[in-house]
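Participant: File follows, query.csv with CSV, C-alpha atoms:
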chain,number,residue,atom,x,y,z
A,15,MET,CA,12.5,16.3,10.0
A,16,GLU,CA,11.6,13.1,11.8
A,17,LEU,CA,9.2,10.6,10.3
A,18,LYS,CA,6.9,9.0,12.8
A,19,ILE,CA,5.2,5.8,11.6
A,20,ARG,CA,2.1,4.4,13.2
A,21,ASN,CA,-1.0,2.4,12.4
A,22,GLY,CA,-3.7,4.3,10.6
A,23,LYS,CA,-7.0,5.2,12.4
A,24,VAL,CA,-10.5,6.0,11.0
A,25,GLU,CA,-9.8,9.6,12.2
A,26,ASP,CA,-7.0,9.7,9.5
A,27,LEU,CA,-9.6,9.2,6.7
A,28,GLU,CA,-9.7,12.8,5.3
A,29,ALA,CA,-5.9,13.2,5.4
A,30,CYS,CA,-5.3,9.8,3.7
A,31,PHE,CA,-7.9,10.5,1.1
A,32,ILE,CA,-6.4,13.9,0.2
A,33,LEU,CA,-2.9,12.2,0.1
A,34,GLU,CA,-4.2,9.4,-2.2
A,35,ARG,CA,-5.6,12.0,-4.6
A,36,ARG,CA,-2.4,14.1,-4.6
A,37,THR,CA,-0.3,11.0,-5.3
A,38,PHE,CA,-2.2,9.0,-7.9
A,39,PRO,CA,-4.1,9.9,-11.1
A,40,GLU,CA,-7.9,10.0,-10.4
A,41,CYS,CA,-8.5,6.7,-12.3
A,42,GLU,CA,-6.0,4.9,-10.0
A,43,ALA,CA,-6.6,6.6,-6.6
A,44,ALA,CA,-8.6,4.7,-4.0
A,45,SER,CA,-12.0,6.0,-3.3
A,46,LYS,CA,-12.8,7.6,0.1
A,47,GLU,CA,-15.1,4.6,0.8
A,48,ASN,CA,-12.3,2.1,0.2
A,49,ILE,CA,-9.9,4.0,2.3
A,50,LYS,CA,-12.4,4.1,5.1
A,51,ILE,CA,-13.0,0.3,4.8
A,52,ARG,CA,-9.3,-0.3,4.9
A,53,LEU,CA,-8.8,1.9,8.0
A,54,SER,CA,-11.8,0.4,9.9
A,55,GLU,CA,-11.5,-3.3,8.9
A,56,PHE,CA,-7.7,-3.8,8.5
A,57,ALA,CA,-5.9,-1.1,10.5
A,58,ALA,CA,-3.1,-3.7,11.2
A,59,GLY,CA,-2.2,-3.4,7.5
A,60,PHE,CA,-2.5,0.4,7.2
A,61,ILE,CA,0.4,2.5,8.3
A,62,VAL,CA,0.8,6.3,8.1
A,63,GLY,CA,4.0,8.4,8.2
A,64,GLU,CA,3.8,11.8,9.9
A,65,ILE,CA,6.2,14.7,10.0
A,66,GLU,CA,5.4,17.3,12.6
A,67,GLY,CA,1.9,15.8,13.1
A,68,LYS,CA,1.0,16.0,9.4
A,69,ILE,CA,0.4,12.7,7.4
A,70,VAL,CA,2.8,12.7,4.5
A,71,ALA,CA,2.7,9.1,3.6
A,72,HIS,CA,0.7,5.9,3.9
A,73,ILE,CA,0.7,2.3,2.9
A,74,ASN,CA,-2.5,0.3,3.0
A,75,SER,CA,-3.4,-3.3,2.3
A,76,GLY,CA,-5.6,-6.3,2.5
A,77,SER,CA,-5.0,-9.9,3.3
A,78,THR,CA,-5.8,-13.1,1.4
A,79,ASN,CA,-4.9,-16.7,0.9
A,80,LYS,CA,-5.2,-16.1,-2.9
A,81,ASP,CA,-2.2,-15.6,-5.1
A,82,ASP,CA,-4.2,-13.8,-7.8
A,83,ILE,CA,-4.5,-10.1,-6.7
A,84,THR,CA,-6.2,-8.7,-9.8
A,85,ASP,CA,-9.8,-8.7,-8.4
A,86,GLU,CA,-11.0,-5.1,-8.3
A,87,GLU,CA,-13.5,-5.9,-5.6
A,88,PHE,CA,-10.6,-6.9,-3.2
A,89,LYS,CA,-9.7,-3.2,-3.1
A,90,GLY,CA,-12.8,-2.7,-1.1
A,91,LEU,CA,-11.7,-5.7,1.1
A,92,ILE,CA,-14.4,-8.0,-0.4
A,93,GLY,CA,-12.8,-11.4,0.0
A,94,HIS,CA,-10.4,-10.0,2.7
A,95,GLU,CA,-9.1,-12.7,5.0
A,96,SER,CA,-7.4,-11.3,8.1
A,97,ASP,CA,-5.5,-14.5,8.7
A,98,GLY,CA,-4.6,-14.9,5.0
A,99,LYS,CA,-1.0,-15.9,4.1
A,100,ASN,CA,-0.5,-12.9,1.7
A,101,ILE,CA,-0.7,-9.3,2.5
A,102,VAL,CA,-1.5,-7.2,-0.6
A,103,ILE,CA,-0.4,-3.6,-0.8
A,104,PHE,CA,-3.0,-1.4,-2.5
A,105,SER,CA,-1.1,1.9,-2.3
A,106,VAL,CA,2.2,3.4,-1.3
A,107,ALA,CA,1.5,7.1,-1.2
A,108,VAL,CA,4.0,9.9,-0.4
A,109,ASN,CA,3.0,13.5,-0.6
A,110,PRO,CA,4.8,15.0,-3.7
A,111,GLU,CA,6.4,17.7,-1.5
A,112,TYR,CA,8.1,14.9,0.4
A,113,GLN,CA,9.1,12.5,-2.4
A,114,ASN,CA,12.8,11.6,-3.1
A,115,LEU,CA,13.7,11.9,0.6
A,116,GLY,CA,13.7,8.2,1.4
A,117,ILE,CA,10.3,8.2,3.0
A,118,ALA,CA,8.9,5.4,0.8
A,119,SER,CA,11.8,3.2,1.7
A,120,LYS,CA,11.4,3.8,5.4
A,121,MET,CA,7.7,3.2,5.1
A,122,MET,CA,8.3,-0.1,3.2
A,123,ARG,CA,10.8,-1.3,5.7
A,124,GLU,CA,8.3,-0.7,8.5
A,125,PHE,CA,5.6,-2.4,6.5
A,126,ILE,CA,7.8,-5.5,6.1
A,127,GLU,CA,8.2,-5.6,9.9
A,128,VAL,CA,4.5,-5.1,10.5
A,129,SER,CA,3.8,-8.0,8.0
A,130,LYS,CA,6.2,-10.3,9.9
A,131,LYS,CA,4.5,-9.4,13.2
A,132,ILE,CA,1.1,-10.3,11.9
A,133,LYS,CA,2.5,-13.6,10.5
A,134,LYS,CA,2.2,-13.1,6.8
A,135,GLN,CA,4.2,-15.3,4.4
A,136,ASN,CA,4.4,-12.9,1.4
A,137,ILE,CA,3.9,-9.2,0.5
A,138,LEU,CA,2.3,-8.8,-2.9
A,139,LEU,CA,1.9,-5.7,-4.9
A,140,LEU,CA,1.3,-4.3,-8.4
A,141,CYS,CA,3.4,-1.5,-9.7
A,142,LYS,CA,4.1,0.3,-13.0
A,143,GLU,CA,7.3,-0.4,-14.9
A,144,ASN,CA,9.1,2.7,-13.7
A,145,LEU,CA,8.9,1.5,-10.1
A,146,ILE,CA,10.1,-2.1,-10.6
A,147,GLY,CA,13.8,-1.1,-9.9
A,148,MET,CA,12.9,0.7,-6.7
A,149,TYR,CA,11.0,-2.4,-5.4
A,150,GLU,CA,13.7,-4.7,-6.5
A,151,LYS,CA,16.2,-2.7,-4.4
A,152,MET,CA,13.9,-3.3,-1.4
A,153,GLY,CA,14.1,-7.1,-2.0
A,154,TYR,CA,10.9,-7.6,-4.1
A,155,GLU,CA,11.0,-10.0,-7.1
A,156,LYS,CA,9.2,-9.3,-10.4
A,157,LYS,CA,6.7,-12.1,-11.2
A,158,GLY,CA,5.6,-10.6,-14.5
A,159,ILE,CA,2.9,-8.6,-16.1
A,160,SER,CA,-0.4,-8.6,-14.2
A,161,ALA,CA,-3.8,-9.3,-15.7
A,162,SER,CA,-5.0,-6.1,-13.9
A,163,THR,CA,-6.1,-3.2,-16.1
A,164,HIS,CA,-6.8,-0.9,-13.1
A,165,GLY,CA,-6.8,2.7,-14.4
A,166,ASN,CA,-6.2,1.4,-18.0
A,167,ALA,CA,-2.5,0.9,-17.1
A,168,VAL,CA,0.0,-1.9,-17.5
A,169,TRP,CA,0.9,-3.4,-14.0
A,170,TYR,CA,3.7,-5.7,-12.9
A,171,GLU,CA,3.3,-8.2,-10.1
A,172,MET,CA,5.9,-8.1,-7.4
A,173,ILE,CA,6.5,-10.4,-4.4
A,174,TYR,CA,8.5,-10.2,-1.2
A,175,SER,CA,8.8,-13.5,0.6
A,176,LEU,CA,8.9,-13.0,4.4
What do you get writing this file as structure tokens?

Facilitator:
Amino acid sequence: MELKIRNGKVEDLEACFILERRTFPECEAASKENIKIRLSEFAAGFIVGEIEGKIVAHINSGSTNKDDITDEEFKGLIGHESDGKNIVIFSVAVNPEYQNLGIASKMMREFIEVSKKIKKQNILLLCKENLIGMYEKMGYEKKGISASTHGNAVWYEMIYSL
């Protein structure tokens, strides 16, 4: 079971949308339109993981010079700056059938390398409390509780300095 990681393409839209819906509650999952925008406007920050030609994971993002990542419009890449110092992860999705196999860690390691190649200074993300430990093991630091109320949940800001 080999995981092949590559940049996302617009042709991956349907598979990535289905994966997003399977991974997150409806109130938190990205819309099909936002996934399409991310694939078409910032493919450099969108990676997919495939096993036997099937997309089983993805990480997608936007880029900005801002340190505040709570703006909901940014999820549609409004305010996206390709040359921004920060790359902001919107979602780390792994098909439930493939979770707990180390795929998220492999994807995140590759995402760090991608972020370095495109000359970012920091990777920023928001996560729920139950995932803080996983991200800390990957080298992220907890900044604190976010002002974001996305999906009516409590989110924590995390940073990885490149």

Participant: In terms of the shortest atom-to-atom distance over all atoms listed in the file, which of A:Ile19, A:Ile92, A:Cys41, A:Leu139 is closest to Tyr154 of chain A?

Facilitator: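 Among A:Ile19, A:Ile92, A:Cys41, A:Leu139, it is A:Leu139 that comes nearest to Tyr154 of chain A.
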
Participant: Which protein, DNA or RNA residues are at most 8 Å from (0.6, 8.5, 4.0) in the file's coordinates when you count all atoms listed in the file, listed as number ranges by chain?

Facilitator: A: 30, 33-34, 61-64, 69-73, 106-109

Participant: Can you tell me which residues surround Ala58 of chain A at a distance of at most 7 Å, considering only C-alpha atoms, apart from same-chain residues fewer than 2 positions away, and format the answer as a PyMOL selection string?

Facilitator: chain A and resi 21+56+60

Participant: Please compute the atom CA of Lys80 of chain A-atom CA of Arg35 of chain A distance, one decimal, in Å.

Facilitator: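 Calculated distance between atom CA of Lys80 of chain A and atom CA of Arg35 of chain A is 28.2 Å.
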
Participant: Rounded to one decimal place, report the atom CA of Glu155 of chain A-atom CA of Pro110 of chain A distance in Å.

Facilitator: 26.0 Å

Participant: Nearest residue to Lys46 of chain A out of A:Ile65, A:Ile83, A:Val24, A:Ile103, using only C-alpha atoms?

Facilitator: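 Residue with the minimum atom-to-atom distance to Lys46 of chain A: A:Val24.
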
Participant: Please provide the set of residues having any atom within 8 Å of Lys99 of chain A, restricted to only C-alpha atoms, with same-chain residues fewer than 6 positions apart removed, written as number ranges by chain.

Facilitator: A: 77-79, 133-136

Participant: Filtering to C-alpha atoms, could you give me those residues as a PDB file, in the coordinates of the input?

Facilitator:
ATOM      1  CA  SER A  77      -5.000  -9.900   3.300  1.00  0.00           C
ATOM      2  CA  THR A  78      -5.800 -13.100   1.400  1.00  0.00           C
ATOM      3  CA  ASN A  79      -4.900 -16.700   0.900  1.00  0.00           C
ATOM      4  CA  LYS A 133       2.500 -13.600  10.500  1.00  0.00           C
ATOM      5  CA  LYS A 134       2.200 -13.100   6.800  1.00  0.00           C
ATOM      6  CA  GLN A 135       4.200 -15.300   4.400  1.00  0.00           C
ATOM      7  CA  ASN A 136       4.400 -12.900   1.400  1.00  0.00           C
TER       8      ASN A 136
END

Participant: Considering only C-alpha atoms, can you say which of A:Glu171, A:Glu143, A:Glu47, A:Glu127 comes closest to Val102 of chain A?

Facilitator: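 Nearest candidate to Val102 of chain A out of A:Glu171, A:Glu143, A:Glu47, A:Glu127: A:Glu171.
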
Participant: Residues around (-6.3, -3.3, 4.8), cut-off 10 Å, counting all atoms listed in the file - what are they as a ChimeraX atom specification?

Facilitator: /A:22,48-61,73-77,88-91,94-96,101-104

Participant: Do you have the atom CA of Leu138 of chain A-atom CA of Ile173 of chain A distance handy?

Facilitator: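 Atom-to-atom, atom CA of Leu138 of chain A to atom CA of Ile173 of chain A, that is 4.7 Å.
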
Participant: Counting only C-alpha atoms, which residue out of A:Tyr174, A:Phe38, A:Trp169, A:Phe125 sits closest to Lys142 of chain A?

Facilitator: A:Trp169

Participant: Restricting the calculation to only C-alpha atoms, which member of A:Cys141, A:Glu40, A:Glu150, A:Lys131 is positioned closest to Ser119 of chain A?

Facilitator: A:Glu150

Participant: When you count only C-alpha atoms, which of these residues is closest to Asp82 of chain A: A:Ile126, A:Ala167, A:Ala29, A:Ala161?

Facilitator: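 Checking each of A:Ile126, A:Ala167, A:Ala29, A:Ala161 against Asp82 of chain A, counting only C-alpha atoms, the winner is A:Ala161.
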